[in-house]
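Report on the structure given below.
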Amino acid sequence: MSSLIIESSLFSEAKIIKETPSKAIFRCPIQTVDEVNQNHRMYPSSVLSEGMGNCESRMKRRAFYSELDHPLPTGNDHVDGIRQTTVSLEKVSHIIRDYEIKNKHLFGEMETTSTPNGGILLGLLRDRTGVGFSMRGLAELERMQDYNVVKAPLTIIAFDAVSMPSHKAAVVDFNEMKFEQELLFESPSGVVCLNGKCFMPDYFDKLVETKMIKFFKRWV
């Protein structure tokens with residue numbers, strides 16, 4: 001039986017490919033491949049490739065919609081089950097146009113939509129903020145000793161744009177965040193994760209260098 005998967009967010013600085021006054025086309029990594037992530041799940045490239053391949057018809061129709069933020073739970077399991085597995089058109093902020101799997105990452109080419117939420121996402125991109133993306137999907141999980149393997153078929157619902165919430169382990173002071181060293185997790189490909197939020201290594205280093213992120217202890 002397939003389970004709902006809401007994956008950990010992957011943060012990076014998106015590369016804007018084309019921009020007009022009302023929208024932008026941009027590219028950034030949106031998912032890790034062939035490695036165990038912080039949620040103790042591993043997506044084989046064959047499974048993710050098949051899942052994305054099944055989305056190509058939606059891409060061609062410009063209908064691979066995603067939302068600004070994940071749907072919030074209501075407490076009603078029946079309602080939440082339906083809402084989490086569908087995309088609400090009034091919440092849409094971007095569409096996925098194309099993709100590429102490279103260097104253990106799934107890269108998405110996306111376009112902001114001419115909707116209120118699309119305008120918000122466009123503003124965040126123009127401000128060069130680190131936008132995070134998190135997958136919603138359905139798949140069976142095969143339990144291994146220390147992690148779960150995502151099995152085919154993987155049904156991908158959306159790659160929602162998400163914000164970075166304040167964490168219990170973080171001291172948030174306007175735009176400065178301080179993280180405890182011990183809570184960090186680094187994947188074999190260099191992706192740095194904290195409490196379900198992951199950063200591409202170059203972007204993480206940039207945040208450290210610009211003092212957007214400071215550590216209570218030196219991180220080596």
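Chain labels follow the order of the structure tokens: the first chain is A, the next B, and so on; residue numbering restarts at 1 in every chain, and ligands are counted from 1 in their shown order.
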
Report as a compact mmCIF listing (two decimals) with all heavy atoms, in the first residue's frame: the residues of range 16-169 of chain A with a DSSP assignment of helix (DSSP H, G or I), based on the backbone of this structure.
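The file below, part_10.txt, is the result:
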# COMPACT_ATOMS: atom_id res chain seq x y z
N SER A 45 17.72 6.17 -8.38
CA SER A 45 17.56 6.99 -9.59
C SER A 45 16.53 6.40 -10.54
O SER A 45 15.80 7.14 -11.21
CB SER A 45 18.91 7.14 -10.30
OG SER A 45 19.45 5.87 -10.62
N SER A 46 16.45 5.07 -10.59
CA SER A 46 15.48 4.43 -11.50
C SER A 46 14.05 4.75 -11.08
O SER A 46 13.18 5.00 -11.93
CB SER A 46 15.69 2.92 -11.51
OG SER A 46 15.57 2.37 -10.20
N VAL A 47 13.80 4.77 -9.77
CA VAL A 47 12.45 5.05 -9.26
C VAL A 47 12.09 6.52 -9.50
O VAL A 47 10.99 6.84 -9.96
CB VAL A 47 12.36 4.72 -7.75
CG1 VAL A 47 11.02 5.18 -7.18
CG2 VAL A 47 12.55 3.22 -7.54
N LEU A 48 13.04 7.42 -9.21
CA LEU A 48 12.77 8.84 -9.40
C LEU A 48 12.64 9.19 -10.88
O LEU A 48 11.80 10.00 -11.27
CB LEU A 48 13.87 9.67 -8.75
CG LEU A 48 13.57 11.16 -8.54
CD1 LEU A 48 12.32 11.35 -7.70
CD2 LEU A 48 14.75 11.86 -7.89
N SER A 49 13.47 8.55 -11.72
CA SER A 49 13.38 8.78 -13.16
C SER A 49 12.03 8.35 -13.70
O SER A 49 11.41 9.06 -14.52
CB SER A 49 14.49 8.02 -13.89
OG SER A 49 15.76 8.51 -13.55
N GLU A 50 11.54 7.19 -13.25
CA GLU A 50 10.23 6.72 -13.69
C GLU A 50 9.13 7.65 -13.19
O GLU A 50 8.20 7.99 -13.93
CB GLU A 50 9.98 5.31 -13.17
CG GLU A 50 8.62 4.74 -13.57
CD GLU A 50 8.37 3.37 -12.97
OE1 GLU A 50 9.35 2.62 -12.72
OE2 GLU A 50 7.19 3.04 -12.74
N GLY A 51 9.25 8.08 -11.93
CA GLY A 51 8.25 8.99 -11.38
C GLY A 51 8.19 10.30 -12.13
O GLY A 51 7.10 10.81 -12.44
N MET A 52 9.35 10.88 -12.44
CA MET A 52 9.37 12.13 -13.19
C MET A 52 8.94 11.91 -14.63
O MET A 52 8.28 12.77 -15.23
CB MET A 52 10.77 12.74 -13.15
CG MET A 52 11.18 13.29 -11.79
SD MET A 52 10.09 14.61 -11.19
CE MET A 52 10.40 15.90 -12.41
N GLY A 53 9.28 10.74 -15.20
CA GLY A 53 8.83 10.44 -16.55
C GLY A 53 7.32 10.42 -16.66
O GLY A 53 6.75 10.85 -17.67
N GLU A 56 5.80 13.85 -17.32
CA GLU A 56 6.14 14.60 -18.53
C GLU A 56 4.92 15.07 -19.30
O GLU A 56 4.95 16.14 -19.92
CB GLU A 56 7.05 13.76 -19.42
CG GLU A 56 8.46 13.60 -18.84
CD GLU A 56 9.39 12.78 -19.72
OE1 GLU A 56 8.93 12.33 -20.80
OE2 GLU A 56 10.56 12.60 -19.33
N SER A 57 3.84 14.30 -19.26
CA SER A 57 2.63 14.75 -19.95
C SER A 57 2.08 16.01 -19.30
O SER A 57 1.59 16.92 -19.99
CB SER A 57 1.56 13.65 -19.94
OG SER A 57 1.18 13.32 -18.61
N ARG A 58 2.19 16.10 -17.98
CA ARG A 58 1.76 17.32 -17.28
C ARG A 58 2.67 18.49 -17.65
O ARG A 58 2.22 19.63 -17.79
CB ARG A 58 1.77 17.11 -15.77
CG ARG A 58 0.58 16.34 -15.24
CD ARG A 58 0.51 16.41 -13.73
NE ARG A 58 1.45 15.50 -13.07
CZ ARG A 58 1.80 15.58 -11.80
NH1 ARG A 58 1.32 16.56 -11.04
NH2 ARG A 58 2.62 14.70 -11.27
N MET A 59 3.98 18.22 -17.80
CA MET A 59 4.90 19.28 -18.20
C MET A 59 4.55 19.81 -19.58
O MET A 59 4.56 21.02 -19.81
CB MET A 59 6.34 18.77 -18.18
CG MET A 59 6.85 18.39 -16.81
SD MET A 59 8.57 17.83 -16.88
CE MET A 59 8.67 16.85 -15.39
N LYS A 60 4.26 18.91 -20.50
CA LYS A 60 3.94 19.33 -21.87
C LYS A 60 2.66 20.17 -21.91
O LYS A 60 2.54 21.07 -22.74
CB LYS A 60 3.79 18.10 -22.76
CG LYS A 60 5.11 17.36 -23.02
CD LYS A 60 4.89 16.13 -23.87
CE LYS A 60 6.20 15.39 -24.10
NZ LYS A 60 6.00 14.14 -24.90
N ASP A 77 -8.65 13.63 9.41
CA ASP A 77 -7.82 12.72 8.62
C ASP A 77 -8.34 12.53 7.20
O ASP A 77 -7.56 12.46 6.24
CB ASP A 77 -7.70 11.35 9.32
CG ASP A 77 -6.88 11.43 10.60
OD1 ASP A 77 -6.15 12.43 10.77
OD2 ASP A 77 -6.97 10.50 11.42
N HIS A 78 -9.66 12.43 7.06
CA HIS A 78 -10.24 12.22 5.73
C HIS A 78 -10.00 13.44 4.84
O HIS A 78 -9.54 13.30 3.69
CB HIS A 78 -11.74 11.95 5.85
CG HIS A 78 -12.43 11.81 4.51
ND1 HIS A 78 -12.22 10.74 3.68
CD2 HIS A 78 -13.32 12.63 3.87
CE1 HIS A 78 -12.94 10.89 2.58
NE2 HIS A 78 -13.61 12.03 2.67
N VAL A 79 -10.26 14.62 5.37
CA VAL A 79 -10.06 15.86 4.60
C VAL A 79 -8.58 16.06 4.29
O VAL A 79 -8.20 16.39 3.17
CB VAL A 79 -10.62 17.07 5.36
CG1 VAL A 79 -10.25 18.38 4.66
CG2 VAL A 79 -12.13 16.96 5.50
N ASP A 80 -7.73 15.83 5.30
CA ASP A 80 -6.29 16.02 5.10
C ASP A 80 -5.74 15.04 4.07
O ASP A 80 -4.87 15.40 3.27
CB ASP A 80 -5.55 15.84 6.42
CG ASP A 80 -5.80 16.99 7.39
OD1 ASP A 80 -6.27 18.05 6.93
OD2 ASP A 80 -5.55 16.82 8.59
N GLY A 81 -6.23 13.80 4.07
CA GLY A 81 -5.77 12.81 3.12
C GLY A 81 -6.04 13.24 1.68
O GLY A 81 -5.20 13.05 0.80
N ILE A 82 -7.22 13.82 1.46
CA ILE A 82 -7.57 14.31 0.11
C ILE A 82 -6.75 15.54 -0.24
O ILE A 82 -6.20 15.65 -1.34
CB ILE A 82 -9.07 14.61 0.03
CG1 ILE A 82 -9.89 13.32 0.23
CG2 ILE A 82 -9.42 15.28 -1.30
CD1 ILE A 82 -11.38 13.55 0.31
N ARG A 83 -6.65 16.46 0.71
CA ARG A 83 -5.96 17.74 0.43
C ARG A 83 -4.47 17.53 0.17
O ARG A 83 -3.89 18.15 -0.73
CB ARG A 83 -6.16 18.69 1.62
CG ARG A 83 -5.45 20.03 1.46
CD ARG A 83 -6.04 20.82 0.29
NE ARG A 83 -5.31 22.06 0.08
CZ ARG A 83 -4.27 22.20 -0.75
NH1 ARG A 83 -3.85 21.15 -1.47
NH2 ARG A 83 -3.68 23.36 -0.88
N GLN A 84 -3.82 16.65 0.94
CA GLN A 84 -2.39 16.44 0.78
C GLN A 84 -2.04 15.78 -0.56
O GLN A 84 -0.92 15.92 -1.04
CB GLN A 84 -1.84 15.57 1.93
CG GLN A 84 -1.91 16.23 3.30
CD GLN A 84 -0.82 17.27 3.51
OE1 GLN A 84 -0.01 17.51 2.64
NE2 GLN A 84 -0.81 17.88 4.68
N LEU A 89 -5.63 24.78 -7.08
CA LEU A 89 -5.28 25.78 -8.10
C LEU A 89 -5.15 27.18 -7.51
O LEU A 89 -4.34 27.98 -7.97
CB LEU A 89 -6.32 25.77 -9.22
CG LEU A 89 -6.34 24.52 -10.10
CD1 LEU A 89 -7.40 24.64 -11.18
CD2 LEU A 89 -4.97 24.26 -10.73
N GLU A 90 -5.93 27.48 -6.47
CA GLU A 90 -5.83 28.81 -5.88
C GLU A 90 -4.55 29.02 -5.08
O GLU A 90 -4.21 30.15 -4.73
CB GLU A 90 -7.04 29.10 -4.99
CG GLU A 90 -7.11 28.27 -3.74
CD GLU A 90 -8.29 28.64 -2.86
OE1 GLU A 90 -9.02 29.60 -3.23
OE2 GLU A 90 -8.49 27.99 -1.83
N LYS A 91 -3.82 27.93 -4.82
CA LYS A 91 -2.57 28.02 -4.06
C LYS A 91 -1.34 27.90 -4.95
O LYS A 91 -0.22 28.00 -4.48
CB LYS A 91 -2.52 26.91 -3.01
CG LYS A 91 -3.69 26.88 -2.04
CD LYS A 91 -3.69 28.09 -1.12
CE LYS A 91 -4.79 27.97 -0.07
NZ LYS A 91 -4.83 29.17 0.81
N PRO A 116 -1.53 35.18 -7.53
CA PRO A 116 -1.00 35.88 -6.34
C PRO A 116 0.19 35.17 -5.72
O PRO A 116 1.19 35.81 -5.39
CB PRO A 116 -2.22 35.91 -5.40
CG PRO A 116 -3.40 35.92 -6.33
CD PRO A 116 -2.99 35.04 -7.48
N ASN A 117 0.11 33.85 -5.56
CA ASN A 117 1.22 33.11 -4.97
C ASN A 117 2.44 33.08 -5.90
O ASN A 117 3.58 33.06 -5.43
CB ASN A 117 0.80 31.70 -4.62
CG ASN A 117 -0.01 31.64 -3.34
OD1 ASN A 117 -0.06 32.61 -2.58
ND2 ASN A 117 -0.66 30.52 -3.08
N GLY A 118 2.18 33.08 -7.20
CA GLY A 118 3.29 33.16 -8.14
C GLY A 118 4.03 34.48 -8.01
O GLY A 118 5.26 34.54 -8.13
N GLY A 119 3.27 35.54 -7.75
CA GLY A 119 3.89 36.85 -7.55
C GLY A 119 4.75 36.89 -6.30
O GLY A 119 5.81 37.51 -6.28
N ILE A 120 4.30 36.21 -5.25
CA ILE A 120 5.09 36.15 -4.02
C ILE A 120 6.39 35.40 -4.26
O ILE A 120 7.47 35.83 -3.85
CB ILE A 120 4.28 35.46 -2.90
CG1 ILE A 120 3.10 36.35 -2.48
CG2 ILE A 120 5.16 35.17 -1.69
CD1 ILE A 120 2.14 35.69 -1.51
N LEU A 121 6.30 34.25 -4.95
CA LEU A 121 7.51 33.48 -5.25
C LEU A 121 8.46 34.28 -6.13
O LEU A 121 9.68 34.27 -5.93
CB LEU A 121 7.12 32.16 -5.92
CG LEU A 121 8.28 31.23 -6.30
CD1 LEU A 121 9.13 30.88 -5.08
CD2 LEU A 121 7.75 29.95 -6.96
N LEU A 122 7.92 35.01 -7.10
CA LEU A 122 8.75 35.85 -7.97
C LEU A 122 9.50 36.89 -7.14
O LEU A 122 10.70 37.13 -7.36
CB LEU A 122 7.87 36.54 -9.02
CG LEU A 122 8.58 37.54 -9.94
CD1 LEU A 122 9.68 36.86 -10.75
CD2 LEU A 122 7.57 38.21 -10.86
N GLY A 123 8.82 37.48 -6.17
CA GLY A 123 9.48 38.46 -5.32
C GLY A 123 10.61 37.85 -4.51
O GLY A 123 11.68 38.47 -4.36
N LEU A 124 10.39 36.65 -4.01
CA LEU A 124 11.43 35.97 -3.24
C LEU A 124 12.65 35.66 -4.12
O LEU A 124 13.79 35.78 -3.68
CB LEU A 124 10.88 34.68 -2.63
CG LEU A 124 9.79 34.86 -1.56
CD1 LEU A 124 9.20 33.51 -1.20
CD2 LEU A 124 10.36 35.55 -0.33
N LEU A 125 12.39 35.26 -5.36
CA LEU A 125 13.49 34.98 -6.29
C LEU A 125 14.26 36.26 -6.62
O LEU A 125 15.49 36.26 -6.66
CB LEU A 125 12.95 34.35 -7.56
CG LEU A 125 12.38 32.92 -7.43
CD1 LEU A 125 11.64 32.54 -8.70
CD2 LEU A 125 13.47 31.92 -7.11
N ARG A 126 13.54 37.35 -6.83
CA ARG A 126 14.20 38.63 -7.14
C ARG A 126 15.04 39.13 -5.96
O ARG A 126 16.05 39.79 -6.16
CB ARG A 126 13.16 39.67 -7.53
CG ARG A 126 12.62 39.49 -8.94
CD ARG A 126 11.55 40.49 -9.26
NE ARG A 126 11.19 40.43 -10.67
CZ ARG A 126 10.09 40.96 -11.18
NH1 ARG A 126 9.23 41.59 -10.38
NH2 ARG A 126 9.84 40.86 -12.47

Exercise for the section: Find the spatial neighbours of Gly137 in chain A, counting only C-alpha atoms, within a cut-off of 10 Å - ignore same-chain residues fewer than 2 positions away - and output them as a ChimeraX atom specification. Expected result: /A:2-7,51,84-86,134-135,139,154-159

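Considering only C-alpha atoms, the residue among A:Thr74, A:His40, A:Thr112, A:Ser163 positioned nearest to Gln145 in chain A is A:His40.
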
Fill in the blank from the handout: In Å and to one decimal, CA of Glu142 in chain A is distant from CA of Asn76 in chain A by 27.8 Å

Problem - Contact residues around range 15-20 of chain A with only C-alpha atoms at 12 Å, ignoring same-chain residues under 6 positions, as a PyMOL selection string - result: chain A and resi 26-29+107-114+119+122-131+203

Exercise for the section: Just list the residues in range 43-174 of chain A DSSP gives strand (DSSP E or B) on the backbone, as a VMD selection string. Expected result: chain A and resid 65 to 68 92 to 102 105 to 112 131 to 143 148 to 162 170 to 173

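CA of Ala161 in chain A lies 11.2 Å from CA of Pro71 in chain A.
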